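Notes follow once the structure below has been shown.
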Amino acid sequence: MAKLHKEKFVSSDRQLVIAELEKIQQTKLSTILPSKKLYFDIKGMPYFILGGTGDWHGISEKIIQELRSYSKEGAFVIAKKYISRIDLCVGSLLNLTQNLDRLSPTKQKGLQFHTVLAEDGIYLLEVPELFLNRVGEIRIPGKSRDLSHLEEVSRIINIEVDSKKSFTHADLQAKLILIGSYLGYRTYTPDQSKQSVYGVLGELCSESEIPESSIPKMQLDSARYIDVIWFDDEGFPTHGFEVEHTTDITKGLLRLFQVHKLRIRMFIVADEGSKSRFLKEVQKNPFHKIQEEYTFRNYEELDEFFESVKSFTKIQKKFFDVR
């Protein structure tokens, strides 16, 4: 399946951000040439505006010198871009200028910092107390959901499989990937090269790597090893699945525990005979604190879900004549 690529933060995005800030602040912004990142409003308040899809940003030597000359409060703005929207996050510019020495130096005599996503904004990893509140969301014109993948998913999901065949761990992962893809989620598995009855897992997924910009680095290493993850259009993880076909349920619970702060729905998929073990393990440390966040599903329930999606693809094709 076609892989989704990151979008760049371009001049048209910056124009959208400036327009939204002017609307929110009821003012007009003028750039401090030649920089495209420094602005003043009509009252002389400075604005430092950064944008991008990643979680790190750089500050050039010239801008550092300019920022150090500011002694009054201003707006520190980070425009976080996703596929169809830009989140506008605003914090204290004075707080930034007072903590420049805590940022990491670059080879070009500039500085760099990393951002971490929070529920209602972002903060700087190097200066955790510097928080930028999410104050607005800008929808990117012309960005709508791409449904071109549905025909391919429909074709794969309807491959006839011998009902007497014993499904492997990879086959079960493939079912989860195909269900997620048809429902419109971006999908990922660490087992990119594994072969299933529906094809190579890496070719079934939309993602060859986790969309890193949506997951803090402290959770990224753990997330990489979860059997299957679904992401929304913007790259935020929504569902995590551990398929415990022959492996230890405790290990699956632990991998999911490492990412539970991402507010991801967490599933253990195993045979019905493993449910008693699951119920016992979630009572133990550290799982008991969040045991209500775990969901157990057996193979029959997964197969029922898969078959319902499979039936719907046939009905949809007949009704809409999808080609």
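As shown in the structure tokens, the chain order sets the letters A, B, ...; within each chain, residues go from 1, and ligands are also counted from 1 in the order they appear.
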
_Residue contacts of Pro286 in chain A (12 Å, only C-alpha atoms) excluding same-chain residues fewer than 2 positions away, as a list in words_ =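 Within the cut-off, the hits are Thr250, Leu253, Leu254, Arg255, Leu256, Phe257, Gln258, His260, Glu281, Val282, Gln283, Lys284, His288, Lys289, Ile290 and Gln291 of chain A.
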
Keeping N, CA and C atoms for every residue in the selection just given, could you write it to a file as a short mmCIF file (atom, residue, chain, number, x, y, z; two decimals), in the first residue's frame?
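To be explicit, this is the file written out as again-v2.cif:
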```cif
data_model
loop_
_atom_site.label_atom_id
_atom_site.label_comp_id
_atom_site.auth_asym_id
_atom_site.auth_seq_id
_atom_site.Cartn_x
_atom_site.Cartn_y
_atom_site.Cartn_z
N THR A 250 2.04 -11.20 29.89
CA THR A 250 2.64 -10.17 30.75
C THR A 250 3.51 -9.22 29.94
N LEU A 253 1.26 -6.84 28.04
CA LEU A 253 0.71 -5.83 28.95
C LEU A 253 1.74 -4.76 29.27
N LEU A 254 2.98 -5.18 29.46
CA LEU A 254 4.04 -4.24 29.81
C LEU A 254 4.36 -3.29 28.66
N ARG A 255 4.40 -3.82 27.42
CA ARG A 255 4.66 -2.94 26.26
C ARG A 255 3.57 -1.88 26.14
N LEU A 256 2.34 -2.28 26.33
CA LEU A 256 1.23 -1.33 26.26
C LEU A 256 1.26 -0.35 27.43
N PHE A 257 1.66 -0.83 28.60
CA PHE A 257 1.74 0.04 29.78
C PHE A 257 2.68 1.21 29.55
N GLN A 258 3.75 0.96 28.80
CA GLN A 258 4.75 2.00 28.55
C GLN A 258 4.19 3.18 27.76
N HIS A 260 0.66 4.01 27.81
CA HIS A 260 -0.73 4.30 28.19
C HIS A 260 -0.98 5.78 28.40
N GLU A 281 -3.30 -11.23 35.61
CA GLU A 281 -2.11 -10.38 35.45
C GLU A 281 -2.43 -8.89 35.62
N VAL A 282 -3.62 -8.45 35.16
CA VAL A 282 -3.94 -7.03 35.26
C VAL A 282 -4.19 -6.60 36.71
N GLN A 283 -4.28 -7.56 37.62
CA GLN A 283 -4.43 -7.24 39.03
C GLN A 283 -3.09 -6.93 39.70
N LYS A 284 -2.00 -7.23 38.99
CA LYS A 284 -0.66 -7.06 39.56
C LYS A 284 -0.08 -5.69 39.22
N HIS A 288 -2.42 -2.88 37.68
CA HIS A 288 -3.70 -2.75 38.39
C HIS A 288 -4.17 -1.30 38.47
N LYS A 289 -3.23 -0.35 38.40
CA LYS A 289 -3.60 1.07 38.48
C LYS A 289 -4.41 1.52 37.26
N ILE A 290 -4.21 0.83 36.13
CA ILE A 290 -4.89 1.23 34.90
C ILE A 290 -5.62 0.03 34.28
N GLN A 291 -5.99 -0.94 35.09
CA GLN A 291 -6.55 -2.19 34.55
C GLN A 291 -7.79 -1.95 33.70
#
```

*asked:* I'd like the interatomic distance between CA of Gln219 in chain A and CA of Pro128 in chain A, to a tenth of an Å.
replied: 16.7 Å

*asked:* Calculated over only C-alpha atoms, which of the candidates A:Gly44, A:Pro211, A:Gly184, A:Pro190 has the smallest distance to Glu73 in chain A?
replied: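 Among A:Gly44, A:Pro211, A:Gly184, A:Pro190, it is A:Gly44 that comes nearest to Glu73 in chain A.
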
*Quick one: DSSP strand (DSSP E or B) residues in range 83-292 of chain A, as an MDAnalysis selection string?*
chainID A and resid 85:92 104:105 111:118 121:124 131:139 186:188 195:196 199:200 228:231 237:243 265:270

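Neighbouring residues of Asn133 in chain A at 10 Å or closer, counting only C-alpha atoms and skipping chain neighbours under 6 positions away, are Val77, Ile78, Asp87, Leu88, Cys89, Val90, Gly91, Ser92, Ala118, Glu119, Asp120, Gly121, Ile122 and Tyr123 of chain A.
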
*Spatial neighbours of Lys310 in chain A, max dist 12 Å, only C-alpha atoms, sep filter under 2 positions, as a ChimeraX atom specification*: /A:150,153-160,175,178-179,182-183,303-308,312-317

*Excluding same-chain residues fewer than 6 positions from range 80-84 of chain A, what lies within 6 Å of it counting only C-alpha atoms, as a ChimeraX atom specification?*
/A:51-53,140,143,234

_as a list in words, please: the residues near range 27-29 of chain A (cut-off 12 Å, only C-alpha atoms, same-chain neighbours under 6 positions excluded)._
Gln15, Val17, Ile18, Ala19, Glu20, Leu21, Lys36, Lys37, Leu38, Tyr39, Phe40, Asp41, Ile42, Lys43, Gly44, Met45, Pro46, Tyr47, Phe48, Ile49 and Ala75 of chain A

Produce a file of the selected residues containing N, CA and C atoms, as a PDB file, in the first residue's frame.
```pdb
ATOM      1  N   GLN A  15       1.452  31.968   6.229  1.00  0.00           N
ATOM      2  CA  GLN A  15       0.442  33.004   5.990  1.00  0.00           C
ATOM      3  C   GLN A  15      -0.852  32.688   6.737  1.00  0.00           C
ATOM      4  N   VAL A  17      -1.041  30.987   9.502  1.00  0.00           N
ATOM      5  CA  VAL A  17      -0.742  31.204  10.924  1.00  0.00           C
ATOM      6  C   VAL A  17      -0.810  32.689  11.266  1.00  0.00           C
ATOM      7  N   ILE A  18      -0.185  33.526  10.441  1.00  0.00           N
ATOM      8  CA  ILE A  18      -0.192  34.971  10.680  1.00  0.00           C
ATOM      9  C   ILE A  18      -1.626  35.501  10.685  1.00  0.00           C
ATOM     10  N   ALA A  19      -2.411  35.063   9.712  1.00  0.00           N
ATOM     11  CA  ALA A  19      -3.802  35.518   9.618  1.00  0.00           C
ATOM     12  C   ALA A  19      -4.607  35.108  10.856  1.00  0.00           C
ATOM     13  N   GLU A  20      -4.379  33.901  11.346  1.00  0.00           N
ATOM     14  CA  GLU A  20      -5.103  33.423  12.514  1.00  0.00           C
ATOM     15  C   GLU A  20      -4.679  34.175  13.774  1.00  0.00           C
ATOM     16  N   LEU A  21      -3.379  34.441  13.909  1.00  0.00           N
ATOM     17  CA  LEU A  21      -2.890  35.214  15.054  1.00  0.00           C
ATOM     18  C   LEU A  21      -3.469  36.630  15.043  1.00  0.00           C
ATOM     19  N   LYS A  36      11.748  35.653   8.685  1.00  0.00           N
ATOM     20  CA  LYS A  36      10.354  35.289   8.489  1.00  0.00           C
ATOM     21  C   LYS A  36       9.768  34.716   9.781  1.00  0.00           C
ATOM     22  N   LYS A  37      10.538  34.855  10.864  1.00  0.00           N
ATOM     23  CA  LYS A  37      10.110  34.271  12.131  1.00  0.00           C
ATOM     24  C   LYS A  37       9.847  35.316  13.211  1.00  0.00           C
ATOM     25  N   LEU A  38      10.333  36.541  13.010  1.00  0.00           N
ATOM     26  CA  LEU A  38      10.163  37.605  13.999  1.00  0.00           C
ATOM     27  C   LEU A  38       9.204  38.668  13.485  1.00  0.00           C
ATOM     28  N   TYR A  39       8.265  39.070  14.351  1.00  0.00           N
ATOM     29  CA  TYR A  39       7.246  40.043  13.978  1.00  0.00           C
ATOM     30  C   TYR A  39       6.994  40.997  15.144  1.00  0.00           C
ATOM     31  N   PHE A  40       6.424  42.162  14.828  1.00  0.00           N
ATOM     32  CA  PHE A  40       5.908  43.086  15.830  1.00  0.00           C
ATOM     33  C   PHE A  40       4.446  43.357  15.506  1.00  0.00           C
ATOM     34  N   ASP A  41       3.623  43.524  16.552  1.00  0.00           N
ATOM     35  CA  ASP A  41       2.252  43.951  16.291  1.00  0.00           C
ATOM     36  C   ASP A  41       2.173  45.472  16.339  1.00  0.00           C
ATOM     37  N   ILE A  42       0.984  46.049  16.190  1.00  0.00           N
ATOM     38  CA  ILE A  42       0.845  47.506  16.093  1.00  0.00           C
ATOM     39  C   ILE A  42       1.198  48.209  17.401  1.00  0.00           C
ATOM     40  N   LYS A  43       1.246  47.462  18.511  1.00  0.00           N
ATOM     41  CA  LYS A  43       1.625  48.049  19.793  1.00  0.00           C
ATOM     42  C   LYS A  43       3.102  47.819  20.117  1.00  0.00           C
ATOM     43  N   GLY A  44       3.816  47.191  19.169  1.00  0.00           N
ATOM     44  CA  GLY A  44       5.234  46.963  19.370  1.00  0.00           C
ATOM     45  C   GLY A  44       5.581  45.695  20.126  1.00  0.00           C
ATOM     46  N   MET A  45       4.591  44.810  20.368  1.00  0.00           N
ATOM     47  CA  MET A  45       4.870  43.557  21.060  1.00  0.00           C
ATOM     48  C   MET A  45       5.499  42.563  20.082  1.00  0.00           C
ATOM     49  N   PRO A  46       6.628  41.935  20.455  1.00  0.00           N
ATOM     50  CA  PRO A  46       7.297  41.010  19.547  1.00  0.00           C
ATOM     51  C   PRO A  46       6.631  39.630  19.509  1.00  0.00           C
ATOM     52  N   TYR A  47       6.708  38.998  18.355  1.00  0.00           N
ATOM     53  CA  TYR A  47       6.216  37.640  18.153  1.00  0.00           C
ATOM     54  C   TYR A  47       7.347  36.829  17.527  1.00  0.00           C
ATOM     55  N   PHE A  48       7.639  35.680  18.104  1.00  0.00           N
ATOM     56  CA  PHE A  48       8.624  34.758  17.536  1.00  0.00           C
ATOM     57  C   PHE A  48       7.848  33.524  17.109  1.00  0.00           C
ATOM     58  N   ILE A  49       7.774  33.283  15.790  1.00  0.00           N
ATOM     59  CA  ILE A  49       6.893  32.253  15.240  1.00  0.00           C
ATOM     60  C   ILE A  49       7.700  31.167  14.532  1.00  0.00           C
ATOM     61  N   ALA A  75       5.111  37.154  22.430  1.00  0.00           N
ATOM     62  CA  ALA A  75       4.463  35.868  22.173  1.00  0.00           C
ATOM     63  C   ALA A  75       5.445  34.908  21.504  1.00  0.00           C
TER      64      ALA A  75
END
```

*Using DSSP on the backbone coordinates, identify all residues within range 34-261 of chain A classified as helix (DSSP H, G or I); present the result as a PyMOL selection string.*
chain A and resi 61-68+93-97+100-102+150-157+169-182+201-204+212-214+217-223+249-257+260-261

So that I can see what lies close to Gly58 in chain A, please list as an mmCIF file with C-alpha atoms, in the first residue's frame the residues with an atom at most 10 Å from it, counting only C-alpha atoms and leaving out residues fewer than 6 positions away in the same chain.
```cif
data_model
loop_
_atom_site.group_PDB
_atom_site.id
_atom_site.type_symbol
_atom_site.label_atom_id
_atom_site.label_comp_id
_atom_site.auth_asym_id
_atom_site.auth_seq_id
_atom_site.Cartn_x
_atom_site.Cartn_y
_atom_site.Cartn_z
ATOM 1 C CA LEU A 50 8.204 28.771 14.430
ATOM 2 C CA LEU A 103 18.980 25.172 24.978
ATOM 3 C CA SER A 104 21.410 22.972 23.048
ATOM 4 C CA PRO A 105 24.062 24.667 20.867
ATOM 5 C CA THR A 106 24.407 23.836 17.156
ATOM 6 C CA GLY A 110 22.759 28.665 16.920
ATOM 7 C CA LEU A 111 20.525 26.862 19.399
ATOM 8 C CA GLN A 112 18.020 24.039 19.179
ATOM 9 C CA PHE A 113 15.274 22.605 21.363
ATOM 10 C CA HIS A 114 12.771 19.753 21.351
#
```

*Rank A:Glu151, A:Glu301, A:Glu293, A:Glu242 by their smallest atom-to-atom distance to Lys261 in chain A, using only C-alpha atoms, and report the top residue only.*
A:Glu293

*Restricting the calculation to only C-alpha atoms, which member of A:Phe167, A:Leu117, A:Leu67, A:His239 is positioned closest to Asp271 in chain A?*
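Nearest to Asp271 in chain A: A:Phe167.
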